[in-house]
Structures are given as structure tokens and as C-alpha cells.
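So this block is query_39.csv, CSV, C-alpha atoms:
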```csv
chain,number,residue,atom,x,y,z
A,241,MET,CA,102.2,61.7,135.7
A,242,LYS,CA,98.7,60.6,136.5
A,243,VAL,CA,97.1,62.4,139.4
A,244,GLU,CA,94.7,59.8,140.7
A,245,LYS,CA,94.2,57.4,143.6
A,246,ILE,CA,96.0,54.1,143.2
A,247,GLU,CA,94.6,51.0,144.8
A,248,ALA,CA,97.5,49.1,146.4
A,249,ILE,CA,97.8,45.4,145.7
A,250,SER,CA,97.1,43.5,148.9
A,251,LEU,CA,100.3,42.1,150.3
A,252,ASP,CA,100.8,41.5,154.1
A,253,LYS,CA,104.3,41.4,155.6
A,254,LYS,CA,104.3,37.7,156.3
A,255,THR,CA,103.3,36.7,152.8
A,256,ALA,CA,105.8,39.1,151.3
A,257,GLN,CA,108.5,37.6,153.4
A,258,VAL,CA,107.7,34.1,152.0
A,259,TYR,CA,107.7,35.6,148.5
A,260,ALA,CA,111.1,37.2,149.1
A,261,GLU,CA,112.6,33.9,150.2
A,262,THR,CA,111.1,32.1,147.2
A,263,ILE,CA,112.2,34.5,144.5
A,264,ALA,CA,115.7,35.0,145.9
A,265,SER,CA,116.3,31.2,146.2
A,266,LYS,CA,115.0,30.7,142.7
A,267,LYS,CA,117.1,33.5,141.1
A,268,PHE,CA,120.3,32.6,142.8
A,269,GLY,CA,120.0,28.8,143.3
A,270,GLN,CA,120.9,29.1,147.0
A,271,LYS,CA,119.3,28.3,150.3
A,272,ILE,CA,118.2,31.3,152.4
A,273,LYS,CA,119.4,31.8,156.0
A,274,LYS,CA,117.2,34.8,157.0
A,275,VAL,CA,114.7,37.3,155.6
A,276,LYS,CA,114.2,40.6,157.4
A,277,TYR,CA,111.7,43.3,156.7
A,278,LEU,CA,113.4,46.6,156.1
A,279,GLY,CA,110.4,48.9,155.6
A,280,GLY,CA,108.2,50.4,153.0
A,281,GLY,CA,105.7,53.1,152.1
A,282,SER,CA,102.3,53.1,150.5
A,283,PHE,CA,103.2,51.0,147.5
A,284,GLY,CA,106.4,49.2,148.4
A,285,ARG,CA,107.9,46.7,150.8
A,286,ALA,CA,111.6,45.9,151.0
A,287,TYR,CA,113.2,42.8,152.6
A,288,LYS,CA,116.9,42.0,153.3
A,289,VAL,CA,117.6,38.4,152.2
A,290,THR,CA,120.7,36.7,153.7
A,291,PHE,CA,121.9,33.5,151.9
A,292,GLN,CA,123.7,30.6,153.6
A,293,ASP,CA,127.0,32.0,152.5
A,294,ASN,CA,126.1,35.3,154.2
A,295,LYS,CA,125.7,37.2,150.9
A,296,LYS,CA,122.9,39.8,151.3
A,297,ILE,CA,120.5,41.3,148.8
A,298,VAL,CA,117.3,43.4,149.0
A,299,VAL,CA,114.0,42.3,147.4
A,300,LYS,CA,111.5,45.1,146.9
A,301,PHE,CA,107.9,44.4,146.1
A,302,LEU,CA,105.8,47.0,144.3
A,303,ARG,CA,102.2,47.2,145.4
A,304,ALA,CA,101.1,49.4,142.5
A,305,ARG,CA,100.9,48.2,138.9
A,306,ASP,CA,103.1,49.7,136.2
A,307,MET,CA,105.8,50.9,138.7
A,308,LEU,CA,108.4,48.2,137.9
A,309,GLU,CA,109.7,49.4,134.5
A,310,LYS,CA,110.2,53.0,135.6
A,311,GLU,CA,111.7,52.2,139.0
A,312,VAL,CA,114.3,49.9,137.6
A,313,PHE,CA,115.0,52.2,134.7
A,314,ASP,CA,115.5,55.2,137.1
A,315,LEU,CA,117.8,53.2,139.4
A,316,ASN,CA,120.0,52.2,136.5
A,317,LEU,CA,120.0,55.8,135.1
A,318,LEU,CA,120.9,57.4,138.4
A,319,ALA,CA,123.6,54.8,139.1
A,320,ALA,CA,125.2,55.6,135.8
A,321,ASN,CA,125.3,59.3,136.6
A,322,SER,CA,126.2,59.5,140.2
A,323,ILE,CA,129.5,59.6,142.1
A,324,VAL,CA,127.7,58.1,145.1
A,325,LYS,CA,126.5,54.5,144.9
A,326,PHE,CA,123.0,53.6,144.0
A,327,PRO,CA,122.0,49.9,144.4
A,328,SER,CA,122.6,47.8,141.3
A,329,VAL,CA,119.5,45.9,140.0
A,330,LEU,CA,120.2,42.2,140.1
A,331,PHE,CA,117.0,40.7,138.7
A,332,VAL,CA,113.4,41.8,137.7
A,333,HIS,CA,110.3,39.7,138.3
A,334,LYS,CA,106.9,40.4,136.7
A,335,ALA,CA,103.9,39.2,138.6
A,336,ASP,CA,102.9,35.6,137.8
A,337,SER,CA,100.9,32.8,139.4
A,338,GLU,CA,103.6,31.9,141.9
A,339,ILE,CA,104.4,35.4,143.0
A,340,PRO,CA,101.5,37.6,142.0
A,341,VAL,CA,103.2,41.0,142.6
A,342,ASP,CA,106.0,42.8,140.7
A,343,CYS,CA,109.3,42.8,142.4
A,344,TYR,CA,113.0,43.2,141.8
A,345,GLY,CA,116.3,42.3,143.5
A,346,MET,CA,119.0,44.8,144.2
A,347,GLU,CA,122.4,45.1,145.9
A,348,LEU,CA,122.3,45.9,149.6
A,349,ILE,CA,123.9,49.2,150.6
A,350,GLU,CA,125.2,48.6,154.1
A,351,GLY,CA,124.4,51.1,156.8
A,352,THR,CA,121.5,53.0,158.2
A,353,ASN,CA,119.4,55.7,156.6
A,354,ALA,CA,120.4,59.1,157.9
A,355,VAL,CA,117.0,59.7,159.7
A,356,PHE,CA,117.8,56.9,162.1
A,357,SER,CA,121.5,57.5,162.5
A,358,ILE,CA,121.6,59.0,166.0
A,359,GLY,CA,125.4,59.3,165.9
A,360,LEU,CA,125.1,61.5,162.8
A,361,LEU,CA,122.4,63.7,164.3
A,362,LEU,CA,124.6,64.3,167.4
A,363,LYS,CA,127.6,65.4,165.3
A,364,THR,CA,129.0,68.9,165.7
A,365,LYS,CA,127.8,71.7,163.4
A,366,ASN,CA,131.0,71.5,161.3
A,367,LYS,CA,130.6,67.7,160.9
A,368,ARG,CA,127.0,68.1,159.8
A,369,LYS,CA,128.1,70.7,157.3
A,370,GLN,CA,130.7,68.4,156.0
A,371,PHE,CA,128.0,65.8,155.5
A,372,ALA,CA,125.9,68.4,153.7
A,373,ASP,CA,128.8,69.3,151.4
A,374,GLU,CA,129.3,65.6,150.5
A,375,VAL,CA,125.5,65.1,149.8
A,376,THR,CA,125.1,68.3,147.7
A,377,THR,CA,128.3,67.6,145.7
A,378,ALA,CA,126.9,64.3,144.7
A,379,LEU,CA,123.4,65.7,144.0
A,380,TYR,CA,124.9,68.4,141.7
A,381,ASN,CA,126.8,65.7,139.9
A,382,ILE,CA,123.4,64.0,139.2
A,383,HIS,CA,121.9,67.3,138.1
A,384,SER,CA,124.8,67.8,135.7
A,385,HIS,CA,123.3,65.0,133.5
A,386,LYS,CA,121.0,66.8,131.2
A,387,CYS,CA,118.5,66.2,128.4
A,388,GLU,CA,117.3,68.2,125.5
A,389,LYS,CA,113.7,67.8,126.7
A,390,PHE,CA,111.8,68.0,130.0
A,391,GLY,CA,109.6,65.3,131.4
A,392,ASP,CA,109.6,61.7,132.6
A,393,THR,CA,112.9,59.9,132.2
A,394,LEU,CA,111.3,57.2,130.1
A,395,ASN,CA,109.9,59.7,127.6
A,396,PRO,CA,111.0,63.4,128.0
A,397,THR,CA,109.1,65.3,125.4
A,398,PHE,CA,108.5,68.9,126.6
A,399,SER,CA,110.6,71.8,125.3
A,400,CYS,CA,109.7,73.9,128.4
A,401,TRP,CA,109.6,72.9,132.1
A,402,LEU,CA,106.3,74.7,132.7
A,403,ASP,CA,104.7,73.0,129.7
A,404,PHE,CA,105.1,69.8,131.8
A,405,TYR,CA,104.8,71.1,135.3
A,406,LYS,CA,102.0,73.7,135.2
A,407,PRO,CA,99.3,71.3,133.8
A,408,TYR,CA,100.5,68.6,136.4
A,409,ALA,CA,100.2,71.1,139.3
A,410,GLU,CA,96.8,72.2,138.0
A,411,GLN,CA,95.6,68.6,138.0
A,412,ILE,CA,96.7,68.3,141.6
A,413,LEU,CA,94.8,71.4,142.6
A,414,THR,CA,91.7,70.2,140.8
A,415,LYS,CA,91.8,66.8,142.6
A,416,ALA,CA,92.4,68.6,145.9
A,417,GLU,CA,89.3,70.7,145.3
A,418,GLU,CA,87.3,67.5,144.8
A,419,LEU,CA,88.7,66.1,148.1
A,420,PHE,CA,88.0,69.3,149.9
A,421,SER,CA,84.4,69.3,148.7
A,422,LYS,CA,84.0,65.8,150.2
A,423,GLY,CA,85.4,66.9,153.5
A,424,GLU,CA,88.6,64.8,152.9
A,425,LEU,CA,91.2,67.7,152.8
A,426,PRO,CA,91.6,70.3,155.5
A,427,LYS,CA,90.5,73.8,154.7
A,428,LYS,CA,93.9,75.3,155.6
A,429,VAL,CA,95.5,73.1,152.9
A,430,ILE,CA,93.2,74.0,150.1
A,431,GLU,CA,93.2,77.7,150.9
A,432,THR,CA,97.0,77.7,150.9
A,433,MET,CA,97.0,75.8,147.6
A,434,ARG,CA,94.6,78.4,146.1
A,435,ALA,CA,96.8,81.3,147.3
A,436,ALA,CA,99.9,79.7,145.9
A,437,TRP,CA,98.2,79.0,142.5
A,438,SER,CA,97.2,82.6,142.3
A,439,LYS,CA,100.9,83.6,142.5
A,440,PHE,CA,102.1,80.8,140.1
A,441,ASP,CA,103.2,83.2,137.4
A,442,ILE,CA,105.3,85.2,139.8
A,443,ILE,CA,106.8,82.2,141.6
A,444,PHE,CA,107.7,80.6,138.3
A,445,SER,CA,108.6,83.8,136.4
A,446,GLU,CA,112.2,82.9,135.8
A,447,GLU,CA,112.7,80.5,133.0
A,448,VAL,CA,114.2,77.1,133.7
A,449,THR,CA,116.8,76.7,130.9
A,450,GLU,CA,118.2,73.2,131.6
A,451,ALA,CA,116.4,69.9,131.9
A,452,CYS,CA,118.4,68.2,134.7
A,453,LEU,CA,118.2,64.6,135.9
A,454,ILE,CA,116.6,64.6,139.3
A,455,HIS,CA,116.1,61.9,142.0
A,456,GLY,CA,112.6,63.0,142.7
A,457,ASP,CA,112.4,62.1,146.4
A,458,PHE,CA,115.7,63.3,147.7
A,459,ASN,CA,115.0,63.5,151.4
A,460,ILE,CA,117.4,62.5,154.2
A,461,ALA,CA,115.6,59.1,154.6
A,462,ASN,CA,117.0,58.1,151.2
A,463,MET,CA,120.6,58.7,152.2
A,464,MET,CA,122.5,55.8,153.6
A,465,ILE,CA,125.2,56.2,156.3
A,466,ASP,CA,127.9,53.7,157.1
A,467,LYS,CA,129.2,52.8,160.6
A,468,ASN,CA,131.7,55.7,160.4
A,469,TYR,CA,128.9,58.1,159.7
A,470,LYS,CA,130.0,58.6,156.1
A,471,LEU,CA,127.7,58.7,153.2
A,472,SER,CA,127.5,55.2,151.7
A,473,GLY,CA,124.7,55.5,149.1
A,474,PHE,CA,121.4,56.8,147.9
A,475,ILE,CA,118.2,54.8,147.5
A,476,ASP,CA,114.6,55.0,146.5
A,477,PRO,CA,114.1,57.5,143.6
A,478,LEU,CA,110.5,58.4,143.0
A,479,ASN,CA,109.1,60.0,139.8
A,480,SER,CA,112.6,60.8,138.5
A,481,MET,CA,112.5,63.3,135.7
A,482,TYR,CA,114.5,65.7,133.5
A,483,ALA,CA,113.3,68.8,135.4
A,484,ASP,CA,114.1,72.0,137.1
A,485,ARG,CA,117.0,71.0,139.4
A,486,GLU,CA,115.4,73.0,142.3
A,487,TYR,CA,112.6,70.4,142.3
A,488,ASP,CA,115.1,68.1,144.1
A,489,LEU,CA,115.7,70.7,146.8
A,490,PHE,CA,112.3,70.9,148.6
A,491,GLN,CA,112.7,67.5,150.3
A,492,PHE,CA,115.9,68.8,151.9
A,493,ASP,CA,113.7,70.6,154.5
A,494,ASN,CA,111.6,67.6,155.4
A,495,LEU,CA,112.2,65.3,158.4
A,496,SER,CA,115.6,66.3,159.9
A,497,GLY,CA,117.0,67.8,156.7
A,498,LYS,CA,117.2,71.3,158.1
A,499,TRP,CA,119.5,70.1,160.9
A,500,PHE,CA,122.1,69.4,158.2
A,501,TYR,CA,121.8,72.7,156.2
A,502,LEU,CA,121.2,70.7,153.0
A,503,ARG,CA,119.3,73.1,151.0
A,504,LYS,CA,121.2,76.1,152.2
A,505,THR,CA,124.5,74.4,151.4
A,506,TYR,CA,123.4,73.5,147.8
A,507,ILE,CA,122.3,77.0,147.1
A,508,GLU,CA,125.4,78.5,148.5
A,509,LYS,CA,127.5,76.3,146.3
A,510,TYR,CA,125.6,76.2,143.1
A,511,GLY,CA,123.2,79.1,143.1
A,512,ALA,CA,119.5,79.3,142.8
A,513,SER,CA,116.7,81.2,141.0
A,514,LYS,CA,115.3,84.4,142.4
A,515,PHE,CA,112.2,82.8,143.8
A,516,CYS,CA,113.8,79.5,144.8
A,517,ASP,CA,112.4,79.6,148.3
A,518,ALA,CA,108.8,80.1,147.0
A,519,LYS,CA,109.3,77.5,144.3
A,520,CYS,CA,110.5,74.9,146.8
A,521,ALA,CA,107.5,75.7,149.0
A,522,PHE,CA,105.2,75.3,146.1
A,523,TYR,CA,106.8,72.0,144.9
A,524,GLY,CA,106.8,70.6,148.5
A,525,LEU,CA,103.1,71.4,149.2
A,526,PHE,CA,101.8,70.2,145.8
A,527,HIS,CA,103.9,67.1,146.0
A,528,GLU,CA,102.6,66.2,149.4
A,529,VAL,CA,99.0,66.7,148.3
A,530,TYR,CA,99.8,64.5,145.2
A,531,SER,CA,101.1,61.8,147.5
A,532,TYR,CA,97.9,62.0,149.5
A,533,ILE,CA,95.7,61.8,146.4
A,534,LYS,CA,97.6,58.7,145.3
A,535,SER,CA,97.7,56.9,148.7
A,536,GLY,CA,94.9,58.3,150.7
A,537,MET,CA,97.3,58.8,153.6
A,538,LEU,CA,97.5,62.4,155.0
A,539,VAL,CA,100.7,62.8,157.0
A,540,ASN,CA,100.1,65.8,159.2
A,541,PHE,CA,103.6,66.1,160.6
A,542,ILE,CA,104.8,66.6,157.1
A,543,MET,CA,101.8,68.5,155.6
A,544,ASN,CA,101.5,71.1,158.4
A,545,PRO,CA,105.0,72.5,158.1
A,546,LEU,CA,104.6,72.6,154.3
A,547,VAL,CA,101.4,74.7,154.6
A,548,LYS,CA,103.1,77.0,157.1
A,549,ASN,CA,106.2,77.4,154.9
A,550,MET,CA,104.1,78.1,151.7
A,551,ASN,CA,102.2,80.9,153.6
A,552,LYS,CA,105.4,82.3,154.8
A,553,ARG,CA,106.9,82.5,151.3
A,554,LEU,CA,103.7,84.0,149.8
A,555,ALA,CA,103.9,86.8,152.4
A,556,GLU,CA,107.4,87.5,151.2
A,557,LEU,CA,106.4,88.0,147.5
```

Representation of the structure as C-alpha cells:
Amino acid sequence: MKVEKIEAISLDKKTAQVYAETIASKKFGQKIKKVKYLGGGSFGRAYKVTFQDNKKIVVKFLRARDMLEKEVFDLNLLAANSIVKFPSVLFVHKADSEIPVDCYGMELIEGTNAVFSIGLLLKTKNKRKQFADEVTTALYNIHSHKCEKFGDTLNPTFSCWLDFYKPYAEQILTKAEELFSKGELPKKVIETMRAAWSKFDIIFSEEVTEACLIHGDFNIANMMIDKNYKLSGFIDPLNSMYADREYDLFQFDNLSGKWFYLRKTYIEKYGASKFCDAKCAFYGLFHEVYSYIKSGMLVNFIMNPLVKNMNKRLAEL
């Protein structure tokens, strides 16, 4: 993965809404009743399109070049290896003169993402643990799909996980040092990254023996809940890989994930490496800095807990 800033393609919400109506009507030959913005991050915008016959799909626009092939490939790969539903890809559109941005259409998974499901958040401890059990069972099923090599799902070529991950993490640290020298990264972040890097060989001393398929961005915002507060699907993989399965666990502690005991439940059921807590702290911090490098957006309410957790885990070594 390249560690560099990506310039997002200009695409305002209103224009994207028009594009969504245009491409959906063209692909399905039907008139559109309604288009609704669902949300998006630094490089994506998603819209729910409702046809006249009330059929609904999602159109997602990708505001970074060269994302389309991988995102579609990963959705299809995960869907084929998951007991919980991923949205089926319905069509793919490469940027052209009419719609000058890559996009694809996919099945709508009805429900609400778990972050915004107040009813789920207010469930009893036992109910929340049941939810965690369902999520972690499904994730382990994904992790059970393995490859002979580590690396990007499109081209896994590494015989050892650290042959892939260590140079990648070092690139993140190098870019972070550049940002810090320009006054663009807080001192506490770079100091924690340096301290974590100095302990890299301890944190990652246990060999990763299996290259497992991972989602890559498995936080609670990417878990869909139906009206009965049951898990209805997973969405939005990011940088899916054949990797250390514990790389998929660090996001469990972000947002409201701790409230559902997600990481704790996974480890209790399926085990973990000796330094799993420190590894997840390292993965989480370096991933968030990587996201900042790419997008230029520093999200303090996510970054600050990651820095605190990394320092806590370093003190335990």
C-alpha cells in the first residue's frame, strides 16, 4: 500500500446525487423516485436510490483514483467467504465524460449501522454479548479463508507477514516524521510512534503462521442492524488483505465497540498471540496516522485514545 497523500476528486453532494440518479436509471432502464445521501468518508459518497417500483440500491462514488477495482474485488471476495451478508455488486462504472468519477452499484442492506442504533446500545449486557458472539463468529468465518501468501488480496506475494507489514509501518513512521517537522502532527503522536517502533521486535516477536482474509476496517460503523436489532450485514471493507487476523481486531475498540465486548469476545473464543493487546494498539495507531497521511484529516476523538492505549501497552511490556 502506498503511504502518501491522496487528492480527492472534487464532487459535491448535489452533483453526486444527480450522477446517482443518472447512472441508476441508465443501468436499470427505470425512472427514479428518490435519491438519498447515506454518508461517506474522505474518498467515498454513498446514495440510496429508490426506483418507481420501490426497488432500492446503493450507488457509491469513489473520489480517489484506482480504488474501484480493489473495492469491488474485495466486496465479492468477502461475500463469497462470509456467513453474514455483504452487499452484492450490481454494476461497475468507470469515469467517463458523462459521469467523470468511478462508481458502482450494490445491493442495499436494510437497517442501521450499529453506531446509530440507540436501541442496540441500550440493550442489556447479556444482549450486547449475544451481539458480540454473532459478530465474532462471522468474523472468524472470514478469517478461516486463507492464502499461501500474505499481502493485498489482488496480489498476495509475501511469504512472511512482517515482510509485508514492517516496511509498510516504517513508511508510515517516515511520513509522520515529515509531518511533525512541518508542525502538522502533534508531538504526543510522533513520540508515541517512536516509542512503539523501538519495541517493534518485542511486540511482533511471535510469528504469524497463517495468512487470513481480513475485512481491514472492521469497526462497529460497518455492521448493519435490522429493526429487530439483529445483525443484517457487513459493509465497507478497506485495504482488505491476507494478513495477521489480529489486524482486524484493533477497530473493535473504536467508537462504541468496547460497549459490546467485541475484541474480548473474539479472543476468548478463538485465542490470541501473547502480545495481542500491544499489537492491536500498534496497528490502531499506525493505521490512524496512515489515514491522516492519506486524507489530511486528523480526527482527535479517535487519535487521542489510540495514543493513550499505545502508551499503556508499552508500559506493560

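Proximity to A:Lys295 was assessed for A:Asp457, A:Glu261, A:Glu418, A:Glu347 counting only C-alpha atoms; the smallest distance is recorded for A:Glu347.
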
Checklist line | Test item: residues at most 12 Å from A:Glu311, all atoms listed in the file, excluding those fewer than 3 positions along its chain, as a ChimeraX atom specification | finding: /A:284,300-302,304-308,314-318,327-329,332,342-346,392-394,455-456,475-481

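Taking atom CA of A:Thr449 and atom CA of A:Thr505 as the two end points, the separation is 22.0 Å.
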
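For stretch 356-364 of chain A, the set of protein, DNA and RNA residues having any atom at most 9 Å away, when counting only C-alpha atoms and skipping those fewer than 4 positions along the same chain, is A:Thr352, A:Arg368, A:Lys369, A:Phe371, A:Ala461, A:Ile465, A:Tyr469, A:Lys470, A:Ser496, A:Trp499, A:Phe500.
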
Note to self: Could you check the closest approach to A:Gln270 for each of A:Tyr405, A:Tyr501, A:Phe283, A:Phe291 and tell me which residue wins, using all atoms listed in the file?
What the structure shows: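 Looking at the shortest contact to A:Gln270, the residue is A:Phe291.
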
Checklist line | Atomic separation - atom CA of A:Arg503 relative to atom CA of A:Gln491, Å | finding: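 For atom CA of A:Gln491 relative to atom CA of A:Arg503, the distance reads 8.7 Å.
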
Check: If you count all atoms listed in the file, which residues fall within 10 Å of A:Met433, apart from same-chain ones fewer than 2 positions away, as a list in words?
Finding: Ile412, Leu413, Ala416, Glu417, Lys427, Lys428, Val429, Ile430, Glu431, Ala435, Ala436, Trp437, Ser438, Phe522, Leu525, Phe526, Val529, Val547, Met550 and Asn551 of chain A

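Between A:Ser282 and the residues A:Lys266, A:Lys534, A:Lys365, A:Lys509, the shortest atom-to-atom distance, using all atoms listed in the file, involves A:Lys534.
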
Note to self: Ranking A:Ile263, A:Ile349, A:Ile249, A:Ala521 by minimum distance to A:Lys548 and counting all atoms listed in the file, which one comes first?
What the structure shows: A:Ala521

Item checked: Neighbour list for A:Asn395 as a list in words, cut-off 12 Å, only C-alpha atoms, skip fewer than 2 positions in-chain -> Met241, Lys310, Phe313, Asp314, Cys387, Glu388, Lys389, Phe390, Gly391, Asp392, Thr393, Thr397, Phe398, Phe404, Ser480, Met481 and Tyr482 of chain A

Check: Quick one: distance from atom CA of A:Ile323 to atom CA of A:Glu486 in Å, one decimal?
Finding: 19.5 Å

Margin query: Measuring between only C-alpha atoms, which one of A:Ala264, A:Ile454, A:Ile339, A:Ile533 shows the shortest distance to A:Glu244?
Written below: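 Of A:Ala264, A:Ile454, A:Ile339, A:Ile533, the one nearest A:Glu244, counting only C-alpha atoms, is A:Ile533.
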
Note to self: Measuring between all atoms listed in the file, which one of A:Ser445, A:Ser337, A:Thr432, A:Ser531 shows the shortest distance to A:Leu546?
What the structure shows: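 The answer is A:Thr432, which sits nearest to A:Leu546.
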
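Excluding A:Arg485 and any residue on its chain fewer than 3 positions from it, the residues at most 9 Å away by all atoms listed in the file are Tyr380, His383, Val448, Glu450, Ala451, Cys452, Leu453, Ile454, Tyr482, Asp488 and Leu489 of chain A.
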
Check: Hey, can you pull every residue with an atom no more than 10 Å from (126.2, 66.9, 145.3), using all atoms listed in the file, and send it as a list in words?
Finding: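 These residues have at least one counted atom within 10 Å: Ser322, Ile323, Val324, Ala372, Asp373, Glu374, Val375, Thr376, Thr377, Ala378, Leu379, Tyr380, Asn381, Ile382, His383, Ser384, Leu502, Thr505, Tyr506, Lys509 and Tyr510 of chain A.
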